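S.K.: Mind having a look at this structure? Questions to follow.
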Amino acid sequence: MKKIFLTKSFKETQNLGKKLAPEIIGGKVLAFYGNLGSGKTTFIQGLAKGLGIKNNIISPTFILIRTYDLKSRISKFYHIDLYRIDGEKEIDGLGIEELINNPSNIIAIEWAEKIKNILPKKRIDIYFKESSENERQITIERID
Ligand SMILES: Nc1ncnc2c1ncn2[C@@H]1O[C@H](COP(=O)(O)OP(=O)(O)OP(=O)(O)O)[C@@H](O)[C@H]1O
Ligand SMILES: [Mg+2]
């Protein structure tokens, strides 16, 4: 199922992410695609808020993976940013596949196309397009 949204501000994109949260359960992988500054992190900040995460979500660009506790305590939320990764070989040893295979994790991956061969078939793809300075076209596609 595919749905297309148009947001007209940073806040609207955050709210869209927040609205998606109740549908996200453990074992879900959310794959984000779109240019620099297209709104991926902004959306993930809203999603994290909706999942009850109180910490500020900051871009993990230099750290690659940031981990946040969820209310249930057992599950964790992982925010991964692959911008600096050149190809699938570079992620060897980072344990991303293990994170994906653990059904209690919720994982948001920016620049997910860089690891398309290890993305699970069942996932949510979210595409960002900058239609003008403050407008973003956001396509959410559930694949099961
Ligand atoms: N409708 C909108 N939705 C989201 N962000 C918007 C919107 N309009 C303007 N912006 C601005 O666009 C920028 C989006 O930045 P953000 O860090 O979310 O992008 P990103 O896709 O994560 O980029 P990167 O690939 O560098 O991680 C912010 O500066 C934000 O204020
Ligand atoms: Mg980002």
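Residues in the structure tokens are named by chain (A, B, ... in the order shown) and by number from 1 within that chain; ligands are numbered from 1 in the order shown.
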What residues of the protein or nucleic acid chains come within 7 Å of ligand 2 when you use only C-alpha atoms and all ligand atoms? Reply as a PDB file with C-alpha atoms, in the first residue's frame.
M.R.:
```pdb
ATOM      1  CA  GLY A  37      18.108  18.045   3.617  1.00  0.00           C
ATOM      2  CA  GLY A  39      13.523  15.803   5.702  1.00  0.00           C
ATOM      3  CA  LYS A  40      14.430  12.235   6.703  1.00  0.00           C
ATOM      4  CA  THR A  41      15.814  13.108  10.136  1.00  0.00           C
ATOM      5  CA  SER A  59      21.464  13.206  13.299  1.00  0.00           C
ATOM      6  CA  ASP A  81      22.523   7.042   8.940  1.00  0.00           C
ATOM      7  CA  GLU A 110      18.587   6.903   6.360  1.00  0.00           C
TER       8      GLU A 110
END
```
S.K.: With only C-alpha atoms and all ligand atoms counted, collect every polymer residue having an atom within 12 Å of ligand 1; state the result as an MDAnalysis selection string.
M.R.: chainID A and resid 5:17 32:46 57:62 64 79:84 108:112 126:138
S.K.: When distances are computed from only C-alpha atoms, which of A:Lys89, A:Lys19, A:Arg142, A:Lys28 shows the smallest separation from Asn117 of chain A?
M.R.: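 Once distances to Asn117 of chain A are computed over only C-alpha atoms, the minimum belongs to A:Lys89.
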S.K.: Could you check the closest approach to Ile107 of chain A for each of A:Ile24, A:Ile65, A:Val29, A:Lys122 and tell me which residue wins, using only C-alpha atoms?
M.R.: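 Closest residue, counting only C-alpha atoms: A:Val29.
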